[in-house]
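Structure first, commentary second.
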Amino acid sequence: MSSPHTPARPAVPGPPDSSGSSGSLNPAAQWSPPLPEAPGFEHFVVETPGLRTHVAAIGEGDPVVLLHGFPKHWWQWRTIAPSIAAAGYRAYCPDLRGAGWTVADDPGIERETRLHDLLALFDALGIERSHLVTHDMGAITGIHLSYEHPERLHSLVQLSVWPAFFTFSPRLIPNFTHLPRFIWHRPGASLSYIFSARYAAHPMSEATIAANLAPFARPDIDAAVRPLLRGMVVPEALRIIGGAYRRKRLTVPTLVVYGRKDYPTTEELMERICRNPERHADRIEFAYVDDAAHFVTDDAPDAVADLAIDWFNRSAESASAS
């Protein structure tokens with residue numbers, strides 16, 4: 001897909017060293033800890049006030065920004081972003097505050113901190129408007145952006161998270177049973193338990209789990225677990241359950257994707273908690289991926305990429321027609 005405006009690559013410094021300073025752009029192995037392998041990506045740091053964001057990017061064309069979940073980072077998109085790039089887009093995979101190789105001056109995280117970070121990143125990269133793909137905790141920031149700054153988005157693909165206008169059901173309670181361990185996370189405690197069979201339809205290798213968790217060797221990233229849950233996730237969950245978004249309207253074309261093994265969210269339950277979605281959204285669709293659970297990007301990356309690209313294209317066609 002050709003683009004009348006492809007954001008320029010920013011003149012930015014390279015990876016932060018262990019002291020938090022920045023140097024010239026270096027090979028992946030010179031980052032600390034070393035970046036996991038992912039052929040074809042460029043890696044750079046974008047400096048905005050109080051934050052040095054590591055970004056992995058690939059491809060040329062209209063921008064697509066992909067926001068990782070927890071406890072993950074840019075590498076979550078290692079097989080999906082190249083497919084999006086091959087379809088004619090430039091995919092940006094930033095490490096959000098408190099994750100990956102991004103460095104923050106202030107360890108505090110509030111409900112919309114990551115939204116302000118993302119807006120600053122868009123401006124620094126010259127992205128006026130983008131397609132957005134989000135998963136898990138990254139979907140909170142995507143929800144904020146889509147409701148508060150819809151003019152910055154062409155479309156949204158939201159993975160493994162209900163639409164913000166859903167109506168709470170007691171059948172959803174099992175989705176929250178893992179949160180107390182995050183809220184009371186002990187420094188240095190392993191998070192490997194979250195990659196269990198309950199959340200992944202296909203077992204992840206020890207090497208894959210280690211690559212996802214590598215940044216937690218940094219004390220600042222490990223220390224961010226509690227602020228993320230207490231400052232962002234819990235307050236936002238309470239707002240959503242309280243119906244804050246049922247009093248707003250979603251105008252960004254949104255595709256919600258779930259794995260069919262993402263217990264307890266079934267297609268039948270989704271229809272129940274999102275009854276009459278046209279009352280809350282201009283255009284929203286739901287898609288379900290077979291043989292995939294919560295970590296749908298690991299279980300079925302090709303299906304996720306195909307759904308995302310199709311949604312980008314259909315949203316563009318709809319916008320042109322209107």
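Just so we're on the same page: first chain in the structure tokens is A, next is B, and so on; residues restart at 1 for each chain, and ligands are numbered from 1 in the order they show up.
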
Contacts of A:Asn212 at 9 Å (only C-alpha atoms; same-chain gap of 5+ positions) as a compact mmCIF listing (two decimals) with N, CA, C and O atoms, in the first residue's frame:
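Full text of selection00.txt as output:
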```txt
# COMPACT_ATOMS: atom_id res chain seq x y z
N PRO A 36 16.10 -10.25 22.15
CA PRO A 36 15.87 -11.55 21.50
C PRO A 36 15.90 -11.38 19.98
O PRO A 36 15.63 -10.29 19.46
N PRO A 71 3.09 -10.29 30.52
CA PRO A 71 4.38 -9.60 30.75
C PRO A 71 5.27 -9.70 29.52
O PRO A 71 6.25 -10.45 29.50
N LYS A 72 4.93 -8.97 28.51
CA LYS A 72 5.62 -9.05 27.23
C LYS A 72 6.21 -7.71 26.83
O LYS A 72 6.17 -6.74 27.60
N HIS A 73 6.72 -7.64 25.60
CA HIS A 73 7.33 -6.43 25.08
C HIS A 73 7.26 -6.51 23.56
O HIS A 73 6.50 -7.32 23.01
N TRP A 75 8.78 -7.90 21.31
CA TRP A 75 9.03 -9.20 20.68
C TRP A 75 7.75 -10.02 20.52
O TRP A 75 7.73 -10.99 19.76
N GLN A 76 6.68 -9.63 21.20
CA GLN A 76 5.40 -10.30 21.03
C GLN A 76 4.97 -10.28 19.56
O GLN A 76 4.26 -11.19 19.11
N GLY A 100 9.98 -4.02 28.71
CA GLY A 100 11.02 -4.14 27.69
C GLY A 100 12.26 -3.33 27.98
O GLY A 100 12.79 -3.33 29.09
N ALA A 207 12.78 -21.33 26.13
CA ALA A 207 13.50 -20.22 25.50
C ALA A 207 12.56 -19.06 25.20
O ALA A 207 12.93 -17.89 25.36
```

Counting only C-alpha atoms, what is within 8 Å of A:Arg111, bar same-chain residues fewer than 4 positions away, as a PyMOL selection string?
-> chain A and resi 231-233+235-236

Would you kindly return, as an MDAnalysis selection string, each protein, DNA or RNA residue with an atom no farther than 12 Å from any atom of stretch 299-305 of chain A, considering only C-alpha atoms and excluding same-chain residues fewer than 4 positions away?
-> chainID A and resid 64 66 76:87 91 133:135 157:160 195 197 199:204 255:262 287:295 309:312

Point-to-point distance from atom CA of A:Arg90 to atom CA of A:Ile109, Å rounded to tenths =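 Computing it gives 28.7 Å between the two atoms.
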
Compare A:Phe165, A:Trp101, A:Phe176, A:Phe216 by their minimum atom-to-atom distance to A:Ser190, counting only C-alpha atoms, and give me the closest one.
->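 Nearest to A:Ser190: A:Phe216.
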
Rank A:Ser318, A:Thr177, A:Arg226, A:Val161 by their smallest atom-to-atom distance to A:Phe286, using only C-alpha atoms, and report the top residue only.
-> A:Val161

Would you return as a PyMOL selection string the members of stretch 10-149 of chain A that DSSP assigns to strand (DSSP E or B) on this structure's backbone?
-> chain A and resi 16+22+42-48+51-59+62-67+89-94+103-104+130-135

Keeping only N, CA, C and O atoms, write the selected residues to a file as a compact mmCIF listing (two decimals), in the first residue's frame.
```
# COMPACT_ATOMS: atom_id res chain seq x y z
N PRO A 16 19.75 2.45 25.58
CA PRO A 16 20.27 2.88 26.87
C PRO A 16 21.17 1.81 27.45
O PRO A 16 20.89 0.62 27.34
N SER A 22 22.13 7.09 26.82
CA SER A 22 21.95 6.58 25.47
C SER A 22 23.23 6.75 24.67
O SER A 22 24.02 7.66 24.88
N GLU A 42 14.39 -2.91 12.69
CA GLU A 42 15.27 -1.84 13.12
C GLU A 42 14.98 -1.55 14.59
O GLU A 42 13.84 -1.66 15.02
N HIS A 43 16.00 -1.16 15.34
CA HIS A 43 15.81 -0.83 16.75
C HIS A 43 16.37 0.56 17.02
O HIS A 43 17.49 0.87 16.62
N PHE A 44 15.57 1.39 17.68
CA PHE A 44 16.03 2.73 18.02
C PHE A 44 15.30 3.20 19.27
O PHE A 44 14.33 2.59 19.71
N VAL A 45 15.78 4.28 19.83
CA VAL A 45 15.18 4.89 21.01
C VAL A 45 14.61 6.25 20.63
O VAL A 45 15.26 7.04 19.94
N VAL A 46 13.39 6.51 21.07
CA VAL A 46 12.76 7.82 20.86
C VAL A 46 12.69 8.52 22.21
O VAL A 46 12.11 7.98 23.16
N GLU A 47 13.26 9.70 22.29
CA GLU A 47 13.26 10.45 23.54
C GLU A 47 12.09 11.44 23.56
O GLU A 47 11.91 12.25 22.65
N THR A 48 11.28 11.33 24.58
CA THR A 48 10.21 12.29 24.87
C THR A 48 10.39 12.68 26.33
O THR A 48 11.16 12.04 27.05
N LEU A 51 11.05 10.10 29.23
CA LEU A 51 10.94 8.72 28.75
C LEU A 51 11.84 8.49 27.55
O LEU A 51 11.93 9.34 26.66
N ARG A 52 12.51 7.35 27.54
CA ARG A 52 13.30 6.91 26.39
C ARG A 52 12.71 5.58 25.94
O ARG A 52 12.95 4.53 26.57
N THR A 53 11.94 5.64 24.88
CA THR A 53 11.16 4.49 24.42
C THR A 53 11.92 3.70 23.38
O THR A 53 12.30 4.23 22.33
N HIS A 54 12.14 2.42 23.67
CA HIS A 54 12.70 1.52 22.66
C HIS A 54 11.60 1.15 21.67
O HIS A 54 10.48 0.79 22.05
N VAL A 55 11.92 1.26 20.38
CA VAL A 55 10.98 0.93 19.32
C VAL A 55 11.65 -0.05 18.36
O VAL A 55 12.79 0.15 17.94
N ALA A 56 10.94 -1.12 18.03
CA ALA A 56 11.35 -2.02 16.95
C ALA A 56 10.43 -1.74 15.77
O ALA A 56 9.20 -1.67 15.95
N ALA A 57 10.98 -1.55 14.59
CA ALA A 57 10.17 -1.18 13.43
C ALA A 57 10.57 -2.02 12.23
O ALA A 57 11.73 -2.46 12.11
N ILE A 58 9.61 -2.23 11.32
CA ILE A 58 9.87 -3.01 10.12
C ILE A 58 8.89 -2.58 9.04
O ILE A 58 7.74 -2.26 9.31
N GLY A 59 9.37 -2.54 7.79
CA GLY A 59 8.51 -2.27 6.66
C GLY A 59 8.45 -0.81 6.25
O GLY A 59 9.06 0.06 6.88
N ASP A 62 2.08 3.03 5.16
CA ASP A 62 1.24 3.64 6.19
C ASP A 62 1.56 3.01 7.55
O ASP A 62 1.81 1.81 7.64
N PRO A 63 1.52 3.80 8.61
CA PRO A 63 1.93 3.28 9.92
C PRO A 63 0.89 2.37 10.57
O PRO A 63 -0.31 2.61 10.50
N VAL A 64 1.40 1.35 11.21
CA VAL A 64 0.64 0.47 12.10
C VAL A 64 1.42 0.40 13.41
O VAL A 64 2.61 0.08 13.40
N VAL A 65 0.78 0.71 14.51
CA VAL A 65 1.43 0.66 15.82
C VAL A 65 0.86 -0.54 16.57
O VAL A 65 -0.37 -0.74 16.61
N LEU A 66 1.75 -1.35 17.15
CA LEU A 66 1.34 -2.55 17.86
C LEU A 66 1.75 -2.44 19.32
O LEU A 66 2.93 -2.23 19.62
N LEU A 67 0.77 -2.57 20.23
CA LEU A 67 1.01 -2.41 21.66
C LEU A 67 0.93 -3.76 22.35
O LEU A 67 -0.11 -4.42 22.34
N TYR A 89 2.85 -1.99 4.91
CA TYR A 89 2.77 -1.06 6.03
C TYR A 89 4.13 -0.95 6.72
O TYR A 89 4.99 -1.81 6.56
N ARG A 90 4.28 0.12 7.50
CA ARG A 90 5.43 0.23 8.39
C ARG A 90 4.93 -0.04 9.80
O ARG A 90 4.09 0.71 10.33
N ALA A 91 5.42 -1.11 10.40
CA ALA A 91 4.95 -1.53 11.72
C ALA A 91 5.91 -1.04 12.79
O ALA A 91 7.12 -1.28 12.72
N TYR A 92 5.35 -0.35 13.78
CA TYR A 92 6.11 0.14 14.92
C TYR A 92 5.70 -0.65 16.16
O TYR A 92 4.51 -0.72 16.49
N CYS A 93 6.67 -1.23 16.85
CA CYS A 93 6.40 -2.03 18.04
C CYS A 93 7.16 -1.42 19.22
O CYS A 93 8.31 -1.78 19.48
N PRO A 94 6.56 -0.49 19.93
CA PRO A 94 7.25 0.15 21.06
C PRO A 94 7.16 -0.69 22.32
O PRO A 94 6.20 -1.45 22.53
N VAL A 103 13.12 3.14 29.13
CA VAL A 103 13.61 3.68 30.40
C VAL A 103 12.82 4.92 30.76
O VAL A 103 12.67 5.84 29.95
N ALA A 104 12.28 4.95 31.98
CA ALA A 104 11.49 6.08 32.45
C ALA A 104 12.20 6.78 33.60
O ALA A 104 12.80 6.12 34.46
N SER A 130 -2.85 6.44 12.54
CA SER A 130 -2.29 5.10 12.41
C SER A 130 -3.38 4.05 12.57
O SER A 130 -4.44 4.30 13.16
N HIS A 131 -3.11 2.86 12.07
CA HIS A 131 -3.84 1.68 12.49
C HIS A 131 -3.20 1.22 13.80
O HIS A 131 -2.00 1.43 14.02
N LEU A 132 -3.99 0.57 14.65
CA LEU A 132 -3.49 0.17 15.96
C LEU A 132 -3.90 -1.27 16.24
O LEU A 132 -5.05 -1.65 16.01
N VAL A 133 -2.93 -2.06 16.74
CA VAL A 133 -3.19 -3.43 17.17
C VAL A 133 -2.76 -3.52 18.63
O VAL A 133 -1.64 -3.11 18.98
N THR A 134 -3.64 -4.06 19.49
CA THR A 134 -3.32 -4.12 20.91
C THR A 134 -3.63 -5.50 21.47
O THR A 134 -4.49 -6.22 20.94
N HIS A 135 -2.96 -5.84 22.55
CA HIS A 135 -3.23 -7.10 23.24
C HIS A 135 -3.15 -6.89 24.74
O HIS A 135 -2.30 -6.14 25.22
```

Pick out the closest residue to A:Ala38 from this set: A:Ala211, A:Thr167, A:Arg129, A:Pro180. Count only C-alpha atoms.
-> A:Ala211

For atom CA of A:Arg218 and atom CA of A:Trp31, determine how far apart the two atoms are, in Å to one decimal place.
-> 12.0 Å

Restrict the calculation to only C-alpha atoms, then for each residue of stretch 148-197 of chain A with any atom at most 10 Å from an atom of stretch 266-269 of chain A give the closest atom pair and their distance in Å to one decimal, rows by chain and rising residue number, as a tab-separated table.
```
residue	atom	partner	partner_atom	distance
A:Ser169	CA	A:Leu269	CA	8.8
A:Arg171	CA	A:Leu269	CA	8.3
A:Leu172	CA	A:Leu269	CA	8.9
```

File dump, residues just selected, N, CA, C and O atoms, as a compact mmCIF listing (two decimals), in the first residue's frame:
```txt
# COMPACT_ATOMS: atom_id res chain seq x y z
N SER A 169 -20.55 -9.64 33.90
CA SER A 169 -21.26 -10.86 34.24
C SER A 169 -20.42 -11.64 35.25
O SER A 169 -19.19 -11.68 35.13
N ARG A 171 -19.89 -14.58 35.34
CA ARG A 171 -19.16 -15.63 34.61
C ARG A 171 -17.76 -15.17 34.18
O ARG A 171 -16.93 -15.98 33.80
N LEU A 172 -17.52 -13.87 34.26
CA LEU A 172 -16.20 -13.34 33.88
C LEU A 172 -15.20 -13.38 35.03
O LEU A 172 -14.00 -13.14 34.82
```

Who sits within 12 Å of A:His149, only C-alpha atoms, same chain under 6 positions skipped, as a list in words |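 Close residues of A:His149: Leu115, His116, Leu118, Leu119, Phe122, Glu128, Arg129, Ser130, Thr141, Gly142, Ile143, Leu250, Thr251 and Val252 of chain A.
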
Determine the nearest neighbour of A:Pro264 from the options A:Ile173, A:Ala210, A:Val296, A:Ala120, counting only C-alpha atoms.
-> A:Ile173

Have a look at A:Leu228, A:Arg198, A:Pro34, A:His154 and name the one nearest to A:Arg114; count only C-alpha atoms.
-> A:Leu228

Please provide the set of residues having any atom within 12 Å of A:Arg279, restricted to only C-alpha atoms, with same-chain residues fewer than 3 positions apart removed, written as an mmCIF file with N, CA, C and O atoms, in the first residue's frame.
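Written output follows (around-v7.cif):
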```cif
data_model
loop_
_atom_site.group_PDB
_atom_site.id
_atom_site.type_symbol
_atom_site.label_atom_id
_atom_site.label_comp_id
_atom_site.auth_asym_id
_atom_site.auth_seq_id
_atom_site.Cartn_x
_atom_site.Cartn_y
_atom_site.Cartn_z
ATOM 1 N N PHE A 165 -17.264 -1.230 26.458
ATOM 2 C CA PHE A 165 -18.660 -0.987 26.809
ATOM 3 C C PHE A 165 -19.373 -2.258 27.283
ATOM 4 O O PHE A 165 -20.593 -2.264 27.449
ATOM 5 N N PHE A 166 -18.633 -3.347 27.507
ATOM 6 C CA PHE A 166 -19.285 -4.595 27.897
ATOM 7 C C PHE A 166 -20.002 -4.451 29.241
ATOM 8 O O PHE A 166 -19.678 -3.585 30.063
ATOM 9 N N TYR A 245 -17.713 3.633 29.837
ATOM 10 C CA TYR A 245 -17.666 3.668 28.375
ATOM 11 C C TYR A 245 -19.019 3.392 27.740
ATOM 12 O O TYR A 245 -19.184 3.609 26.539
ATOM 13 N N ARG A 246 -19.982 2.920 28.520
ATOM 14 C CA ARG A 246 -21.331 2.780 27.978
ATOM 15 C C ARG A 246 -22.005 4.142 27.848
ATOM 16 O O ARG A 246 -23.055 4.261 27.203
ATOM 17 N N ARG A 247 -21.389 5.145 28.458
ATOM 18 C CA ARG A 247 -21.904 6.512 28.329
ATOM 19 C C ARG A 247 -21.153 7.305 27.263
ATOM 20 O O ARG A 247 -21.362 8.505 27.104
ATOM 21 N N LYS A 248 -20.272 6.620 26.533
ATOM 22 C CA LYS A 248 -19.524 7.248 25.440
ATOM 23 C C LYS A 248 -19.816 6.484 24.156
ATOM 24 O O LYS A 248 -20.526 5.479 24.163
ATOM 25 N N ARG A 249 -19.254 6.958 23.062
ATOM 26 C CA ARG A 249 -19.440 6.246 21.793
ATOM 27 C C ARG A 249 -18.086 5.983 21.145
ATOM 28 O O ARG A 249 -17.231 6.872 21.060
ATOM 29 N N LEU A 250 -17.909 4.760 20.687
ATOM 30 C CA LEU A 250 -16.693 4.362 19.994
ATOM 31 C C LEU A 250 -16.880 4.629 18.513
ATOM 32 O O LEU A 250 -17.734 4.025 17.860
ATOM 33 N N THR A 251 -16.072 5.536 17.971
ATOM 34 C CA THR A 251 -16.198 5.904 16.560
ATOM 35 C C THR A 251 -15.124 5.287 15.680
ATOM 36 O O THR A 251 -15.251 5.302 14.459
ATOM 37 N N CYS A 274 -22.040 -8.105 25.369
ATOM 38 C CA CYS A 274 -21.933 -7.021 24.376
ATOM 39 C C CYS A 274 -23.195 -6.971 23.518
ATOM 40 O O CYS A 274 -23.129 -6.796 22.302
ATOM 41 N N ARG A 275 -24.332 -7.138 24.157
ATOM 42 C CA ARG A 275 -25.597 -7.134 23.438
ATOM 43 C C ARG A 275 -25.844 -5.765 22.809
ATOM 44 O O ARG A 275 -25.556 -4.734 23.395
ATOM 45 N N ASN A 276 -26.351 -5.771 21.572
ATOM 46 C CA ASN A 276 -26.651 -4.543 20.824
ATOM 47 C C ASN A 276 -25.446 -3.611 20.747
ATOM 48 O O ASN A 276 -25.495 -2.442 21.163
ATOM 49 N N ASP A 282 -19.847 2.845 16.341
ATOM 50 C CA ASP A 282 -20.223 3.073 14.953
ATOM 51 C C ASP A 282 -20.020 1.826 14.107
ATOM 52 O O ASP A 282 -20.838 1.483 13.264
ATOM 53 N N ARG A 283 -18.874 1.170 14.334
ATOM 54 C CA ARG A 283 -18.570 -0.040 13.555
ATOM 55 C C ARG A 283 -17.688 -0.952 14.394
ATOM 56 O O ARG A 283 -16.550 -0.604 14.716
ATOM 57 N N ILE A 284 -18.221 -2.104 14.756
ATOM 58 C CA ILE A 284 -17.450 -3.064 15.537
ATOM 59 C C ILE A 284 -17.809 -4.469 15.084
ATOM 60 O O ILE A 284 -18.973 -4.764 14.788
#
```

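Distances from A:Arg314, A:Arg181, A:Arg239, A:Arg186 to A:Leu156 were compared using only C-alpha atoms, and the smallest one belongs to A:Arg314.
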